[in-house]
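One structure is given below, encoded as structure tokens.
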Amino acid sequence: MNWRLLPWIIVLIASPGLAQTDAADPCLQAADYKGCREYHSGGPVQGKVEVAAPSDHNYNPRSVRQLKIRGSYGRYLTFTGTTLNAYSGTPASYNPGSPGRRVCTTTTTPNGLYKTTSCQQVGYVAPSYRAGTPGGVERRSFRYQLDCKDLTFDRKGDFSGFGNKGWMAVGEDPTAQAVADRYCPIIDSVAKPFDMDEDT
């Protein structure tokens, strides 16, 4: 046997195996092997963009200040926060109106020979219909006032469907709850506004 041919024989025998390996994994020669594998395996690369949704509840820590109520600090906080506000719809209403009544007046000439009668409708109200409005949930920012003693809060402009909601327990709003948990125990160390002096 010619030993000089042995290396060529080994190459010929190994070539089908190398070809099969390349065919089984088309990403061996790719510059981005991981990205190539994700593409071929149907991973997140194929046209799908994942974007994290913003939080529905948050507050601005720099906006948290003590609030002066009835001449003193130490109980109330004010801050700006974002939350979800659910509001009720209004029902539809129908007013059937009123037919009113017919009022007639008769006048007689001075010589009594002629009489004239005139009539008019008094108190008539036309029927009317007012469409209802749907309820919903709004995500928006509010200016809060928070009572650290009673653990209640008020959001300015939080429409309920029929008016503002007024003061509620902090458990009703995750944003108010987070601020109460973080700042009420240390309210004496919370900054006081220099240009805001509210009395209610």
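Going through the structure tokens in order, the chains are called A, B, and so on, while each chain numbers its residues from 1 and the ligands are numbered from 1 in the order shown.
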Region 35-119 of chain A near region 164-188 of chain A within 12 Å: what's each residue's closest atom pair and its distance in Å to one decimal, counting only C-alpha atoms, ordered by chain then ascending residue number, as CSV?
```
residue,atom,partner,partner_atom,distance
A:Ser55,CA,A:Thr175,CA,10.7
A:Asp56,CA,A:Thr175,CA,9.1
A:His57,CA,A:Thr175,CA,5.5
A:Asn58,CA,A:Thr175,CA,5.8
A:Tyr59,CA,A:Thr175,CA,6.7
A:Asn60,CA,A:Val179,CA,9.8
A:Pro61,CA,A:Val179,CA,8.8
A:Arg62,CA,A:Val179,CA,11.9
A:Ser63,CA,A:Val179,CA,11.0
A:Val64,CA,A:Val179,CA,8.4
A:Arg65,CA,A:Ile187,CA,8.9
A:Gln66,CA,A:Ile187,CA,7.3
A:Leu67,CA,A:Ile187,CA,10.3
A:Ser72,CA,A:Asp188,CA,11.8
A:Tyr73,CA,A:Asp188,CA,8.4
A:Gly74,CA,A:Asp188,CA,6.0
A:Arg75,CA,A:Ile187,CA,7.4
A:Tyr76,CA,A:Ile187,CA,8.4
A:Leu77,CA,A:Ile187,CA,7.9
A:Thr78,CA,A:Val179,CA,9.8
A:Phe79,CA,A:Val179,CA,8.7
A:Thr80,CA,A:Thr175,CA,9.7
A:Gly81,CA,A:Thr175,CA,6.7
A:Thr82,CA,A:Thr175,CA,7.1
A:Thr83,CA,A:Thr175,CA,6.4
A:Leu84,CA,A:Asp173,CA,8.2
A:Asn85,CA,A:Asp173,CA,8.8
A:Ala86,CA,A:Lys165,CA,10.3
A:Tyr87,CA,A:Lys165,CA,9.3
A:Ser88,CA,A:Lys165,CA,11.0
```
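Going from CA of Ser93 (chain A) to CA of Val137 (chain A) covers 23.0 Å.
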From CA of Gln120 (chain A) to CA of Thr106 (chain A) the spacing works out at 12.0 Å
What separation in Å, quoted to one decimal, exists between CA of Thr107 (chain A) and CA of Cys119 (chain A)?
-> 11.5 Å
Tell me, as a ChimeraX atom specification, which residues lie within 12 Å of Cys104 (chain A), counting only C-alpha atoms; anything in the same chain fewer than 5 positions away does not count.
-> /A:116-122
May I have the residues within 10 Å of Pro96 (chain A) as a list of chain:residue names, using only C-alpha atoms and disregarding those fewer than 6 positions away in the same chain?
-> A:Val125, A:Ala126, A:Pro127, A:Ser128, A:Tyr129
For the residues selected in the previous step, produce a file with N, CA, C and O atoms as a PDB file, in the first residue's frame.
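Heads up, here's the output in part.pdb:
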```pdb
ATOM      1  N   VAL A 125     -94.776  71.248  27.912  1.00  0.00           N
ATOM      2  CA  VAL A 125     -93.354  70.875  27.914  1.00  0.00           C
ATOM      3  C   VAL A 125     -93.177  69.734  26.923  1.00  0.00           C
ATOM      4  O   VAL A 125     -93.849  68.698  27.040  1.00  0.00           O
ATOM      5  N   ALA A 126     -92.307  69.921  25.956  1.00  0.00           N
ATOM      6  CA  ALA A 126     -92.093  68.896  24.933  1.00  0.00           C
ATOM      7  C   ALA A 126     -91.383  67.680  25.528  1.00  0.00           C
ATOM      8  O   ALA A 126     -90.552  67.809  26.433  1.00  0.00           O
ATOM      9  N   PRO A 127     -91.687  66.481  25.046  1.00  0.00           N
ATOM     10  CA  PRO A 127     -90.957  65.289  25.502  1.00  0.00           C
ATOM     11  C   PRO A 127     -89.474  65.403  25.143  1.00  0.00           C
ATOM     12  O   PRO A 127     -89.108  66.023  24.142  1.00  0.00           O
ATOM     13  N   SER A 128     -88.623  64.797  25.968  1.00  0.00           N
ATOM     14  CA  SER A 128     -87.181  64.852  25.700  1.00  0.00           C
ATOM     15  C   SER A 128     -86.529  63.546  26.137  1.00  0.00           C
ATOM     16  O   SER A 128     -87.014  62.855  27.035  1.00  0.00           O
ATOM     17  N   TYR A 129     -85.416  63.236  25.482  1.00  0.00           N
ATOM     18  CA  TYR A 129     -84.653  62.022  25.796  1.00  0.00           C
ATOM     19  C   TYR A 129     -83.185  62.393  25.927  1.00  0.00           C
ATOM     20  O   TYR A 129     -82.642  63.123  25.092  1.00  0.00           O
TER      21      TYR A 129
END
```
Which of region 14-200 of chain A counts as alpha helix (DSSP H) under DSSP, as a ChimeraX atom specification please?
-> /A:14-24,33-40,174-183
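Remark: for Pro91 (chain A), the closest of the candidate residues A:Thr133, A:Gln29, A:Ser189, A:Thr152 is A:Thr133 (distances computed over only C-alpha atoms).
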Which parts of region 99-198 of chain A does DSSP call strand (DSSP E or B) when run on the backbone here, written out as JSON, numbers by chain?
-> {"A": [101, 102, 103, 104, 105, 106, 107, 108, 115, 116, 117, 118, 119, 120, 121, 122, 125, 128, 129, 130, 133, 136, 137, 138, 139, 140, 141, 142, 143, 144, 145, 146, 147, 152, 153, 154, 155, 159, 164, 168, 169]}
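With only C-alpha atoms as the basis for measurement, A:Phe159 is the residue among A:Phe159, A:Val49, A:Thr105, A:Gly35 that approaches Phe142 (chain A) most closely.
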